[in-house]
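The structure appears below as structure tokens.
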Amino acid sequence: MNKSALSLLLLASTGLALPAGLDAQEMPTNLLPDPQETDQTGDDDAVTSSAVPVDMTSQPVVQKFDPVVQQWSLANARTLAAVIEGIGSEGLMPADYDLPGLRAAIAAGPGAQLNEEASRRFVWLVEDMRDGRTPMDARKQWFVMDPDADRYRSGAVLKQALTDGDIAGALQSVAPLHPDYEALRTELAKAQPGSKRYKLIQANMDRWRWLPRDLGGQYLITNVPEYQLRLTVNDKIMRTYRTIVGAPGRTATPQLAESVEGVILNPTWTVPQSIVKGEGLGARVLANPSWAAARGYKATKGANGYITVVQGPGPGNSLGRMKLDMPNRHAIFFHDTPSRNLFSQANRALSHGCVRTERATELALTLAILQAGLTADEGVEMLSSGEYTRVAFNKKMPAYITYFTMATNIDGKLATFNDIYERDEPVLAAFQAPRKANRSRVTDEEIIEIVDDPRDVV
């Protein structure tokens, strides 16, 4: 058993005081897999690397053009044609890859025409298997920068496919690794082509291609429509937490891939000006010190009349007892809430954009132990102090905010979830439209910087 996880169990067994919301019977057991299951490989080369980048929403590296025309034998070209014929098993459509044109090039024999035609279609397949078929304008509020086009360059994959003579294997080398993708693929084989269910599976298979192929060894992932957060090690769920996500509309939670840099215990909340000025909170705090003190508010008024209000740490703090330090342009993060009764509701699209997390102190201490090397005693002491404390991680941890309307639920069963933000329709429509070539890797959609109001104004 991992030493850090063991310290949690030892603490629970001692009968020492645990922080509110962290019951002994809920303490996690071994969060890490057996050493034999842990990937111990070092850094790979640029084509096969599975390392997760620190910032996956930053501007992409300018992609250099790969040598995407290679020499094709008739045998390899016929294999490619067969792969295109069967590409429906991956939720893609043979009609996208102009099979008649490829067959005409094969009939004409080896040469420049075959090399160009076969190479072009193979690259199309790589792009769709690696990056997804759905163009960016149909991925609503999707701000994940997928690094796979840089890790698995089309020309390198093509060259390897022809060197090995394994066309199908080369395409699988860029397909998503997450078990959910395979679960959807298996379900697709059972569905009636063209049916509503078939199309929904297609759309959600494609969503996995929008993410990095390898999500990392340890990561957090939340599926917004499911209202669940998972702490995951080697794609295995170790702990799950109910969530409250953004309400539909302008405060809908965007889809992100970010890095958690630490946990903040006993956080403060700097109240946004939309509340300080717009709702008159600043004037009220200044005019009624006793009311403000009871709620932990402190106001500062500058010489220019600008009022700043900060809510200090405490049981009534609107962020609860912890938040994850996850800097991003959208000001979205995971945090606690003092109103934990809301987690019992079925519809939990209630917040102003950030993700409220059930049993947040348990999550915070677990991550502090796994990612910062704290002992359970140290973590509990910091939390119990009531003082603002930032615990920096030794290594940044990926966190994914995703949107799947069909996925494996926390019980391991494939399930459908309500399309609370109506984001399925544009993806489904994109599959009915002709394939777009030269698709952008980044969205030009507006970044809505959500001014989160963690109070229970729902």
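Ordered as shown in the structure tokens, chains take letters A, B, and onward, while each chain numbers its residues from 1 and ligands are numbered from 1 in the order shown.
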What are the closest atom pairs, with distances in Å to one decimal, for each residue of region 150-232 of chain A lying within 9 Å of region 66-82 of chain A, using only C-alpha atoms, rows by chain and rising residue number, as CSV?
```
residue,atom,partner,partner_atom,distance
A:Arg153,CA,A:Asp66,CA,6.9
A:Ser154,CA,A:Asp66,CA,6.6
A:Gly155,CA,A:Val68,CA,4.5
A:Ala156,CA,A:Asp66,CA,7.3
A:Leu158,CA,A:Val68,CA,7.0
A:Lys159,CA,A:Gln70,CA,7.0
A:Leu162,CA,A:Asn76,CA,7.3
A:Gly165,CA,A:Asn76,CA,6.6
A:Asp166,CA,A:Asn76,CA,8.3
A:Ile167,CA,A:Leu80,CA,6.4
A:Ala168,CA,A:Leu80,CA,7.8
```
Selected residues written out with C-alpha atoms, as a tab-separated table (two decimals), in the first residue's frame:
```tsv
chain	number	residue	atom	x	y	z
A	153	ARG	CA	2.33	14.11	-36.54
A	154	SER	CA	0.46	12.93	-39.59
A	155	GLY	CA	3.58	12.45	-41.70
A	156	ALA	CA	5.31	10.42	-39.00
A	158	LEU	CA	2.01	7.68	-42.28
A	159	LYS	CA	5.67	6.79	-42.62
A	162	LEU	CA	4.03	2.06	-44.55
A	165	GLY	CA	2.76	-2.44	-43.42
A	166	ASP	CA	0.16	-2.03	-40.66
A	167	ILE	CA	-2.34	0.58	-41.83
A	168	ALA	CA	-5.04	-0.25	-39.30
```
Run DSSP on the backbone and tell me which residues of region 162-335 of chain A come out as alpha helix (DSSP H); list them as a ChimeraX atom specification. /A:162-164,167-172,179-190,196-210,273-276,281-287,289-294
When you look at region 129-133 of chain A with a cut-off of 10 Å (counting only C-alpha atoms), what residues show up, excluding the ones that are within fewer than 5 positions of it in the same chain? I need them as a PyMOL selection string. chain A and resi 87+90-93+96+123-124+146-149+152-154+171-176+203+205-213+427+430-431+435-437+439+441
Which region 390-430 of chain A residues have any atom within 10 Å of an atom of region 264-287 of chain A, and for each, what is the nearest pair of atoms with distance in Å to one decimal, counting only C-alpha atoms, rows sorted by chain and number, as JSON lines?
```
{"residue": "A:Arg390", "atom": "CA", "partner": "A:Ile264", "partner_atom": "CA", "distance": 4.4}
{"residue": "A:Val391", "atom": "CA", "partner": "A:Ile264", "partner_atom": "CA", "distance": 6.2}
{"residue": "A:Ala392", "atom": "CA", "partner": "A:Ile264", "partner_atom": "CA", "distance": 8.5}
```
Record the distance separating CA of Thr389 (chain A) and CA of Val309 (chain A), expressed in Å with one decimal.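 About the pair CA of Thr389 (chain A) and CA of Val309 (chain A): they are 19.7 Å apart.
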Just to confirm, what's the straight-line distance from CA of Ala294 (chain A) to CA of Pro338 (chain A) in Å (one decimal)?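 Going from CA of Ala294 (chain A) over to CA of Pro338 (chain A), I get 14.9 Å.
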Residue contacts of region 178-192 of chain A (8 Å, only C-alpha atoms) excluding same-chain residues fewer than 2 positions away, as a ChimeraX atom specification: /A:89-91,176,194-195,197-198,201-202,204-205,208,213-215,235,407-408,414
Go ahead and compute the interatomic distance for CA of Val442 (chain A) and CA of Tyr403 (chain A), in Å to one decimal. 17.4 Å
List as a PyMOL selection string the protein and nucleic acid residues near region 358-369 of chain A, meaning an atom at most 7 Å away when only C-alpha atoms are counted, but skip any in the same chain fewer than 3 places from it. chain A and resi 4+21-22+241-243+263+321-322+335-336+343+372-376+379+391
Can you spit out the residues from that selection as a CSV table (one decimal), in the first residue's frame, using N, CA and C atoms?
```
chain,number,residue,atom,x,y,z
A,4,SER,N,1.5,7.3,1.5
A,4,SER,CA,0.6,8.4,1.7
A,4,SER,C,-0.8,7.9,2.0
A,21,GLY,N,-17.0,17.0,7.6
A,21,GLY,CA,-17.2,16.5,6.2
A,21,GLY,C,-16.2,15.4,5.9
A,22,LEU,N,-15.3,15.0,6.8
A,22,LEU,CA,-14.3,14.0,6.5
A,22,LEU,C,-14.5,12.9,7.5
A,241,TYR,N,-17.1,12.1,-6.5
A,241,TYR,CA,-17.7,13.2,-5.7
A,241,TYR,C,-18.8,13.8,-6.5
A,242,ARG,N,-19.9,14.0,-5.9
A,242,ARG,CA,-21.0,14.7,-6.6
A,242,ARG,C,-20.6,16.2,-6.8
A,243,THR,N,-21.1,16.8,-7.9
A,243,THR,CA,-20.8,18.1,-8.2
A,243,THR,C,-22.0,19.0,-8.4
A,263,VAL,N,-3.7,23.0,-3.4
A,263,VAL,CA,-5.0,23.2,-2.8
A,263,VAL,C,-4.9,24.3,-1.8
A,321,ARG,N,-14.5,25.2,2.8
A,321,ARG,CA,-13.2,25.1,3.5
A,321,ARG,C,-12.0,24.8,2.5
A,322,MET,N,-12.3,24.7,1.3
A,322,MET,CA,-11.2,24.5,0.3
A,322,MET,C,-11.6,24.9,-1.1
A,335,HIS,N,-14.4,23.9,-5.9
A,335,HIS,CA,-14.4,24.4,-4.5
A,335,HIS,C,-15.5,23.8,-3.7
A,336,ASP,N,-15.4,24.0,-2.4
A,336,ASP,CA,-16.4,23.5,-1.4
A,336,ASP,C,-17.6,24.5,-1.4
A,343,PHE,N,-26.3,19.0,-2.7
A,343,PHE,CA,-25.8,17.8,-3.4
A,343,PHE,C,-26.8,16.7,-3.5
A,372,ALA,N,1.5,16.6,-2.7
A,372,ALA,CA,2.4,17.5,-2.0
A,372,ALA,C,3.2,16.8,-0.9
A,373,GLY,N,3.0,15.6,-0.7
A,373,GLY,CA,3.7,14.8,0.3
A,373,GLY,C,3.4,15.1,1.7
A,374,LEU,N,2.3,15.8,2.0
A,374,LEU,CA,1.9,16.0,3.4
A,374,LEU,C,1.5,14.7,4.1
A,375,THR,N,1.6,14.6,5.4
A,375,THR,CA,1.0,13.5,6.1
A,375,THR,C,-0.4,13.9,6.4
A,376,ALA,N,-1.2,12.9,6.8
A,376,ALA,CA,-2.6,13.2,7.1
A,376,ALA,C,-2.7,14.2,8.3
A,379,GLY,N,-2.0,17.7,7.2
A,379,GLY,CA,-3.2,18.3,6.5
A,379,GLY,C,-4.3,18.6,7.4
A,391,VAL,N,-1.3,24.9,-0.2
A,391,VAL,CA,-0.4,23.8,-0.2
A,391,VAL,C,0.0,23.5,-1.7
```
At a cut-off of 8 Å, using only C-alpha atoms, what residues contact region 249-260 of chain A? Leave out same-chain residues fewer than 6 positions from it and give the result as a short mmCIF file (atom, residue, chain, number, x, y, z; two decimals) with C-alpha atoms, in the first residue's frame.
```cif
data_model
loop_
_atom_site.label_atom_id
_atom_site.label_comp_id
_atom_site.auth_asym_id
_atom_site.auth_seq_id
_atom_site.Cartn_x
_atom_site.Cartn_y
_atom_site.Cartn_z
CA VAL A 54 1.01 21.70 -18.18
CA ASP A 55 -1.27 24.13 -20.03
CA MET A 56 -3.61 22.67 -22.58
CA THR A 57 -5.63 25.84 -23.19
CA GLN A 141 -17.72 26.30 -25.18
CA TRP A 142 -14.96 23.77 -25.83
CA PHE A 143 -11.63 25.37 -24.91
CA VAL A 144 -9.37 22.31 -24.65
CA MET A 145 -6.15 22.57 -26.62
CA VAL A 224 -20.70 18.08 -16.36
CA LEU A 324 -8.29 23.90 -5.86
CA ASP A 325 -5.68 26.32 -7.19
CA MET A 326 -6.29 26.00 -10.93
CA PRO A 327 -5.34 29.23 -12.74
CA ASN A 328 -7.10 29.71 -16.08
CA ILE A 332 -13.22 28.31 -13.28
CA SER A 351 -23.96 27.45 -9.89
CA HIS A 352 -22.55 30.53 -11.59
CA GLY A 353 -19.99 28.47 -13.50
CA CYS A 354 -17.49 27.02 -11.04
CA VAL A 355 -17.76 23.41 -9.92
CA LYS A 396 0.94 19.78 -11.41
CA MET A 397 -2.10 17.54 -11.77
CA PRO A 398 -4.28 17.53 -14.91
CA ALA A 399 -7.96 18.32 -14.45
CA TYR A 400 -10.52 17.84 -17.20
CA ILE A 401 -13.97 19.41 -17.31
CA THR A 402 -15.76 17.40 -20.00
CA TYR A 403 -19.22 17.10 -21.50
CA TYR A 421 -26.59 22.82 -22.18
CA ILE A 448 -16.78 34.01 -21.04
CA ILE A 450 -17.39 33.81 -15.35
#
```
Could you go through region 272-362 of chain A and tell me which residues DSSP, when run on the backbone, assigns to strand (DSSP E or B), listing them as a PDB file with N, CA and C atoms, in the first residue's frame?
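The new file out.pdb reads:
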```
ATOM      1  N   TYR A 297     -17.208  39.290   6.473  1.00  0.00           N
ATOM      2  CA  TYR A 297     -16.867  40.282   5.460  1.00  0.00           C
ATOM      3  C   TYR A 297     -16.024  41.404   6.047  1.00  0.00           C
ATOM      4  N   LYS A 298     -15.034  41.827   5.273  1.00  0.00           N
ATOM      5  CA  LYS A 298     -14.263  43.017   5.598  1.00  0.00           C
ATOM      6  C   LYS A 298     -14.191  43.882   4.357  1.00  0.00           C
ATOM      7  N   ALA A 299     -14.449  45.162   4.523  1.00  0.00           N
ATOM      8  CA  ALA A 299     -14.457  46.086   3.388  1.00  0.00           C
ATOM      9  C   ALA A 299     -13.345  47.117   3.524  1.00  0.00           C
ATOM     10  N   THR A 300     -12.765  47.482   2.397  1.00  0.00           N
ATOM     11  CA  THR A 300     -11.756  48.531   2.333  1.00  0.00           C
ATOM     12  C   THR A 300     -12.194  49.535   1.274  1.00  0.00           C
ATOM     13  N   LYS A 301     -12.210  50.814   1.663  1.00  0.00           N
ATOM     14  CA  LYS A 301     -12.605  51.864   0.734  1.00  0.00           C
ATOM     15  C   LYS A 301     -11.410  52.732   0.409  1.00  0.00           C
ATOM     16  N   ILE A 307     -14.540  50.330  -3.448  1.00  0.00           N
ATOM     17  CA  ILE A 307     -14.708  49.465  -2.280  1.00  0.00           C
ATOM     18  C   ILE A 307     -14.323  48.030  -2.633  1.00  0.00           C
ATOM     19  N   THR A 308     -13.480  47.433  -1.824  1.00  0.00           N
ATOM     20  CA  THR A 308     -13.111  46.023  -1.955  1.00  0.00           C
ATOM     21  C   THR A 308     -13.667  45.272  -0.762  1.00  0.00           C
ATOM     22  N   VAL A 309     -14.308  44.128  -1.034  1.00  0.00           N
ATOM     23  CA  VAL A 309     -14.854  43.299   0.035  1.00  0.00           C
ATOM     24  C   VAL A 309     -14.253  41.906  -0.065  1.00  0.00           C
ATOM     25  N   VAL A 310     -13.738  41.426   1.067  1.00  0.00           N
ATOM     26  CA  VAL A 310     -13.175  40.077   1.145  1.00  0.00           C
ATOM     27  C   VAL A 310     -13.876  39.335   2.273  1.00  0.00           C
ATOM     28  N   GLN A 311     -14.281  38.112   1.989  1.00  0.00           N
ATOM     29  CA  GLN A 311     -14.859  37.253   3.027  1.00  0.00           C
ATOM     30  C   GLN A 311     -13.755  36.341   3.539  1.00  0.00           C
ATOM     31  N   MET A 322     -12.305  24.703   1.255  1.00  0.00           N
ATOM     32  CA  MET A 322     -11.175  24.502   0.346  1.00  0.00           C
ATOM     33  C   MET A 322     -11.562  24.898  -1.072  1.00  0.00           C
ATOM     34  N   LYS A 323     -10.530  25.218  -1.854  1.00  0.00           N
ATOM     35  CA  LYS A 323     -10.674  25.319  -3.297  1.00  0.00           C
ATOM     36  C   LYS A 323      -9.383  24.812  -3.929  1.00  0.00           C
ATOM     37  N   LEU A 324      -9.477  24.336  -5.146  1.00  0.00           N
ATOM     38  CA  LEU A 324      -8.288  23.902  -5.864  1.00  0.00           C
ATOM     39  C   LEU A 324      -7.699  25.083  -6.612  1.00  0.00           C
ATOM     40  N   ASP A 325      -6.391  25.229  -6.516  1.00  0.00           N
ATOM     41  CA  ASP A 325      -5.684  26.319  -7.187  1.00  0.00           C
ATOM     42  C   ASP A 325      -5.460  25.910  -8.640  1.00  0.00           C
ATOM     43  N   PHE A 334     -12.598  24.232  -8.886  1.00  0.00           N
ATOM     44  CA  PHE A 334     -13.376  23.355  -8.012  1.00  0.00           C
ATOM     45  C   PHE A 334     -13.306  23.911  -6.593  1.00  0.00           C
ATOM     46  N   HIS A 335     -14.430  23.933  -5.903  1.00  0.00           N
ATOM     47  CA  HIS A 335     -14.405  24.432  -4.524  1.00  0.00           C
ATOM     48  C   HIS A 335     -15.498  23.784  -3.685  1.00  0.00           C
ATOM     49  N   ALA A 349     -27.435  21.662 -11.906  1.00  0.00           N
ATOM     50  CA  ALA A 349     -26.905  22.740 -12.745  1.00  0.00           C
ATOM     51  C   ALA A 349     -27.384  24.051 -12.143  1.00  0.00           C
ATOM     52  N   LEU A 350     -26.722  24.476 -11.083  1.00  0.00           N
ATOM     53  CA  LEU A 350     -27.223  25.548 -10.225  1.00  0.00           C
ATOM     54  C   LEU A 350     -26.247  26.682 -10.002  1.00  0.00           C
ATOM     55  N   SER A 351     -24.970  26.482 -10.288  1.00  0.00           N
ATOM     56  CA  SER A 351     -23.964  27.453  -9.885  1.00  0.00           C
ATOM     57  C   SER A 351     -23.794  28.546 -10.941  1.00  0.00           C
ATOM     58  N   VAL A 355     -17.285  24.745 -10.269  1.00  0.00           N
ATOM     59  CA  VAL A 355     -17.758  23.406  -9.921  1.00  0.00           C
ATOM     60  C   VAL A 355     -17.651  23.209  -8.417  1.00  0.00           C
ATOM     61  N   ARG A 356     -18.787  23.175  -7.740  1.00  0.00           N
ATOM     62  CA  ARG A 356     -18.811  22.883  -6.310  1.00  0.00           C
ATOM     63  C   ARG A 356     -18.681  21.375  -6.123  1.00  0.00           C
ATOM     64  N   THR A 357     -17.932  20.978  -5.118  1.00  0.00           N
ATOM     65  CA  THR A 357     -17.564  19.575  -4.969  1.00  0.00           C
ATOM     66  C   THR A 357     -17.979  19.023  -3.616  1.00  0.00           C
TER      67      THR A 357
END
```
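The list of residues with at least one atom within 8 Å of region 409-411 of chain A, based on only C-alpha atoms and without residues fewer than 3 positions apart in the same chain, reads Glu226, Gln228, Ile237, Thr240, Leu414 and Ala415 of chain A.
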